[in-house]
Each structure stands twice: as C-alpha cells, then as structure tokens.
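Reproduced below: coords-v7.txt, with compact mmCIF, C-alpha atoms.
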# COMPACT_ATOMS: atom_id res chain seq x y z
CA MET A 9 93.67 190.66 61.11
CA SER A 10 91.15 188.41 59.40
CA SER A 11 88.38 188.52 56.90
CA ILE A 12 86.01 185.94 55.48
CA ASN A 13 84.65 185.59 51.98
CA ASN A 14 81.49 183.50 52.40
CA SER A 15 81.18 182.82 48.66
CA ILE A 16 84.11 180.37 48.76
CA PRO A 17 83.05 176.74 49.39
CA GLN A 18 83.48 175.56 52.96
CA THR A 19 86.59 173.35 52.73
CA LEU A 20 89.64 172.91 54.88
CA THR A 21 92.92 172.02 53.18
CA ILE A 22 95.89 170.52 54.98
CA GLY A 23 99.40 169.63 53.81
CA LEU A 24 101.54 166.91 55.37
CA GLY A 25 105.15 165.96 54.99
CA ALA A 26 108.01 164.05 56.58
CA ASN A 27 111.58 163.28 55.61
CA SER A 28 113.12 161.77 58.73
CA ASN A 29 112.19 158.78 60.81
CA SER A 30 109.74 159.18 63.68
CA PRO A 31 108.90 156.80 66.53
CA ALA A 32 106.48 155.23 64.01
CA GLY A 33 109.29 154.47 61.55
CA SER A 34 109.96 155.76 58.05
CA PRO A 35 108.31 158.92 56.67
CA GLU A 36 105.85 156.71 54.75
CA SER A 37 104.97 154.78 57.92
CA THR A 38 104.64 158.03 59.84
CA LEU A 39 102.09 159.48 57.42
CA ILE A 40 100.17 156.20 57.24
CA ILE A 41 99.95 155.96 61.04
CA ALA A 42 99.22 159.69 61.45
CA ARG A 43 96.34 159.66 58.95
CA PRO A 44 93.63 158.14 61.22
CA LEU A 45 94.89 160.24 64.15
CA ILE A 46 94.48 163.40 62.07
CA GLU A 47 90.95 162.36 61.09
CA LYS A 48 90.11 161.63 64.74
CA VAL A 49 91.48 165.00 65.89
CA ILE A 50 89.51 166.82 63.17
CA ASN A 51 86.28 164.99 64.06
CA GLU A 52 86.77 165.79 67.77
CA TRP A 53 87.55 169.42 66.88
CA ILE A 54 84.40 169.66 64.75
CA CYS A 55 82.30 168.26 67.61
CA SER A 56 83.81 170.71 70.08
CA CYS A 57 83.27 173.62 67.67
CA LEU A 58 79.64 172.71 67.11
CA SER A 59 78.90 172.07 70.78
CA GLU A 60 80.40 175.45 71.70
CA ASN A 61 78.32 177.20 69.05
CA ARG A 62 75.05 175.29 69.24
CA GLY A 63 74.85 173.45 72.51
CA LYS A 64 74.59 169.65 72.40
CA ILE A 65 74.58 168.12 68.94
CA SER A 66 74.27 164.64 67.60
CA ILE A 67 76.69 163.53 64.95
CA ASP A 68 74.39 162.70 62.08
CA SER A 69 76.58 163.52 59.12
CA GLU A 70 80.23 162.52 58.99
CA SER A 71 82.60 164.98 57.40
CA VAL A 72 84.30 163.82 54.23
CA PHE A 73 88.06 163.34 54.18
CA SER A 74 89.55 163.45 50.68
CA TRP A 75 93.17 162.30 50.82
CA SER A 76 95.81 162.51 48.13
CA PRO A 77 98.20 159.70 47.33
CA LEU A 78 101.65 159.88 48.92
CA TYR A 79 104.31 161.71 46.89
CA LYS A 80 108.09 161.67 47.16
CA THR A 81 109.55 165.16 46.64
CA LYS A 82 112.92 166.83 46.81
CA PRO A 83 113.44 169.26 49.71
CA ILE A 84 113.27 172.96 48.92
CA GLY A 85 115.69 175.10 50.89
CA GLY A 86 117.17 173.93 54.15
CA PRO A 87 120.43 172.07 54.61
CA GLN A 88 122.09 170.33 51.68
CA GLY A 89 121.83 166.57 51.50
CA GLN A 90 118.70 166.11 53.56
CA PRO A 91 116.48 163.19 52.51
CA ASN A 92 113.54 163.50 50.13
CA PHE A 93 110.17 164.25 51.66
CA VAL A 94 107.03 162.18 51.54
CA ASN A 95 104.09 164.56 51.11
CA ALA A 96 100.31 164.32 51.04
CA ALA A 97 97.30 166.60 51.22
CA LEU A 98 93.90 166.38 52.84
CA VAL A 99 90.68 168.21 51.98
CA VAL A 100 87.90 168.23 54.58
CA HIS A 101 84.41 169.08 53.36
CA GLY A 102 80.77 168.19 53.76
CA GLY A 103 78.91 166.72 56.68
CA ASN A 104 79.07 168.45 60.04
CA PHE A 105 82.15 170.37 58.98
CA VAL A 106 80.12 172.83 56.89
CA ALA A 107 78.42 174.04 60.10
CA VAL A 108 81.74 175.11 61.65
CA PRO A 109 82.12 178.86 61.13
CA PRO A 110 85.61 179.82 59.94
CA SER A 111 87.36 181.89 62.58
CA ILE A 112 90.86 182.70 63.74
CA GLU A 113 90.19 181.20 67.16
CA LEU A 114 88.93 177.89 65.77
CA ALA A 115 91.76 177.67 63.22
CA LYS A 116 94.36 178.25 65.93
CA ASN A 117 92.68 175.63 68.10
CA LEU A 118 92.95 173.06 65.31
CA LEU A 119 96.57 174.03 64.68
CA LYS A 120 97.39 173.43 68.37
CA ARG A 121 95.88 169.96 68.08
CA PHE A 122 98.01 169.25 65.00
CA LEU A 123 101.14 170.44 66.81
CA LEU A 124 100.45 167.86 69.54
CA ILE A 125 100.31 165.13 66.87
CA GLU A 126 103.60 166.38 65.45
CA LYS A 127 105.14 166.26 68.91
CA ASP A 128 103.95 162.67 69.41
CA PHE A 129 105.84 161.79 66.22
CA GLY A 130 109.06 163.41 67.45
CA ARG A 131 108.79 166.92 65.99
CA ASP A 132 110.14 169.70 68.19
CA ARG A 133 109.11 173.06 66.74
CA SER A 134 110.92 174.92 69.51
CA ILE A 135 114.23 174.10 67.78
CA LYS A 136 114.46 176.81 65.15
CA SER A 137 118.16 176.71 64.38
CA VAL A 138 117.60 175.15 60.91
CA ARG A 139 114.96 176.63 58.63
CA TRP A 140 113.26 174.12 56.32
CA GLY A 141 115.32 171.31 57.79
CA PRO A 142 114.46 167.64 58.20
CA ARG A 143 111.31 166.83 60.11
CA SER A 144 109.61 163.72 61.38
CA LEU A 145 106.14 165.15 60.70
CA ASP A 146 104.86 168.47 59.42
CA ILE A 147 101.12 169.28 59.40
CA ASP A 148 100.21 172.62 57.85
CA LEU A 149 96.86 174.34 57.58
CA LEU A 150 96.79 175.55 53.98
CA ALA A 151 93.36 177.22 53.72
CA TRP A 152 89.92 177.22 55.28
CA GLY A 153 87.23 178.49 52.96
CA GLY A 154 87.63 182.23 52.60
CA LEU A 155 89.27 182.79 56.00
CA GLN A 156 92.26 185.10 55.84
CA VAL A 157 94.61 185.22 58.83
CA ASN A 158 97.94 186.97 59.20
CA SER A 159 99.34 186.46 62.69
CA SER A 160 102.67 185.40 64.16
CA ASP A 161 101.57 181.77 64.58
CA LEU A 162 99.20 181.27 61.64
CA THR A 163 98.84 182.60 58.11
CA LEU A 164 95.89 181.53 55.97
CA PRO A 165 95.91 180.87 53.15
CA HIS A 166 99.40 179.42 53.50
CA PRO A 167 101.69 182.05 51.94
CA ARG A 168 103.89 179.75 49.86
CA SER A 169 101.56 176.89 48.97
CA ILE A 170 101.00 177.92 45.35
CA GLN A 171 104.76 178.13 44.79
CA ARG A 172 105.39 174.54 45.82
CA ASN A 173 104.54 171.58 43.66
CA PHE A 174 104.84 169.29 46.70
CA VAL A 175 101.71 171.06 47.99
CA ILE A 176 99.81 171.77 44.77
CA ILE A 177 100.08 168.34 43.14
CA PRO A 178 98.85 166.35 46.19
CA LEU A 179 96.20 168.99 46.84
CA ALA A 180 94.93 168.74 43.26
CA GLU A 181 94.66 164.97 43.66
CA ALA A 182 92.76 165.31 46.95
CA LEU A 183 90.41 167.86 45.38
CA LYS A 184 89.56 165.36 42.62
CA ASN A 185 87.73 163.39 45.31
CA ASN A 186 85.28 166.24 45.96
CA PRO A 187 81.70 165.69 44.82
CA ASP A 188 81.88 167.98 41.77
CA PRO A 189 85.37 167.78 40.28
CA PRO A 190 85.97 169.58 36.99
CA SER A 191 86.01 167.47 33.87
CA GLN A 192 88.39 167.89 30.98
CA ILE A 193 86.82 168.89 27.70
CA PRO A 194 87.98 167.52 24.35
CA PRO A 195 90.96 169.24 22.70
CA GLN A 196 90.05 172.61 21.22
CA ARG A 197 91.42 174.15 18.08
CA GLY A 198 93.87 176.90 19.03
CA TRP A 199 94.47 175.55 22.51
CA GLN A 200 97.61 173.46 22.79
CA GLU A 201 98.45 171.63 26.01

Let me see the structure of the file written as structure tokens.
Amino acid sequence: MSSINNSIPQTLTIGLGANSNSPAGSPESTLIIARPLIEKVINEWICSCLSENRGKISIDSESVFSWSPLYKTKPIGGPQGQPNFVNAALVVHGGNFVAVPPSIELAKNLLKRFLLIEKDFGRDRSIKSVRWGPRSLDIDLLAWGGLQVNSSDLTLPHPRSIQRNFVIIPLAEALKNNPDPPSQIPPQRGWQE
C-alpha cells in the first residue's frame, strides 16, 4: 500500500549508524569511508531512474547532498553493554533528484543498493537472532517526500524515527543545509524556551 502527497517538498532523508568495527575500521572510519560510496550509489540510482522514465538524459544538475555532523549516541534496546553508536543523517534534494518520481519500486531499488553497501562493510542482515544489536553499518531510508509505504521490507516514513533523538538531531542538522532553512525569531513575551 502506498500513497503520495505531492505538496511535500521532494527530499530524500537517510539515517546512518554503526557501533562495531567494519573492514574499514572504527564506526567513525566506516561512516567516513561509506559517505562517498553512498553519494555515488544515489547518483547512479538517480541516473537509472531518469533514464528509465525519460530515455537518455544528460546530467546537467547535480543533486545536493546535505550531511549532518557525526554524533555519538547510546544504543536503544538490544543487548546490554553494546558500544555507543556513531550516527549521521543525509538529506538529498535539488538537481536531477527532483525529477525522480517517488514510488515503491524506486525506493526498494535504492534500499537494495544500500544493503549491498552494508554487506561490503560486514553487515549481515540475514542474522536476526539479536534485535537492535551491534552493527558495522546501518543505512535506513527515513522518508522520501510524501511517499508512504507499508510493506514487509520497507516502511516509509520510518516508523520510529521521530521517537529517536539519534535520528532527529542529525536530521535537523542536515536539514539546516537546505536552501531555505527556518530562522529563529527574537524572544517573544509569553513564550519561554
């Protein structure tokens, strides 16, 4: 089941995290090394989406990647004593990306590409014996414009993202890099922070 609300700006939000070493090294090193790979995969995905929908295209407008800083966060759930996570968020907007029509098929295609990156960094999602356990790399689709998906392998928007500060805080920082971020107004009488 899916539905699309076209009034929501065309953005793609992604959450990343790691709390165990990968072949690339520490969680910090893993996210640093994965970052350009994620951008490359997204750019290739955008090109494939546009070529499927419009025939041959020329890349004339690069999509914008707004990254958050890296954050260290305590694990929520899972086994006791697991290491802290390193988390980040990515917002994709603008450029050729706005021409990609949100759809379940395209979202699942991107997710499959992300799962291959996870696997390259040592993540084995087939092992499900420990829920919310340590992981070498976790890449989650959080939302894509107004697309709503509820299937066994993908739920958009991500069902628990607003309950987790390790998602919301990095995402807020990444969103600050969008072209029209909100600006804080001066303190108002009757409104305490």

Test item: residues at most 12 Å from region 38-49 of chain A, all atoms listed in the file, excluding those fewer than 2 positions along its chain, as a PyMOL selection string: chain A and resi 22-36+51-56+70-79+93-100+117-131+143-148

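Shortest separation to Lys116 (chain A) among A:Ser160, A:Gln171, A:Asn185, A:Thr81 occurs at residue A:Ser160, atoms counted being all atoms listed in the file.
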
Box in all listed atoms of region 113-131 of chain A, axis-aligned, with 8 Å more on each side; write out centre and edge lengths in Å to one decimal as AutoDock Vina command-line options.
--center_x 99.0 --center_y 171.5 --center_z 66.4 --size_x 36.1 --size_y 35.4 --size_z 22.3

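Between CA of Gly153 (chain A) and CA of Leu183 (chain A) the interatomic distance comes to 13.4 Å.
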
In Å, with one decimal, what is the gap from CA of Glu181 (chain A) to CA of Pro109 (chain A)? 25.6 Å

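Take CA of Gly85 (chain A) and CA of Arg168 (chain A): the distance between them is 12.7 Å.
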
So that I can check the surroundings of Ser159 (chain A), please list as a short mmCIF file (atom, residue, chain, number, x, y, z; two decimals) with C-alpha atoms, keeping the file's coordinate frame every protein, DNA and RNA residue that reaches within 12 Å of it, counting all atoms listed in the file and ignoring chain neighbours fewer than 4 positions away.
data_model
loop_
_atom_site.label_atom_id
_atom_site.label_comp_id
_atom_site.auth_asym_id
_atom_site.auth_seq_id
_atom_site.Cartn_x
_atom_site.Cartn_y
_atom_site.Cartn_z
CA MET A 9 93.67 190.66 61.11
CA SER A 10 91.15 188.41 59.40
CA ILE A 112 90.86 182.70 63.74
CA GLU A 113 90.19 181.20 67.16
CA ALA A 115 91.76 177.67 63.22
CA LYS A 116 94.36 178.25 65.93
CA THR A 163 98.84 182.60 58.11
CA LEU A 164 95.89 181.53 55.97
CA PRO A 165 95.91 180.87 53.15
CA HIS A 166 99.40 179.42 53.50
CA PRO A 167 101.69 182.05 51.94
#
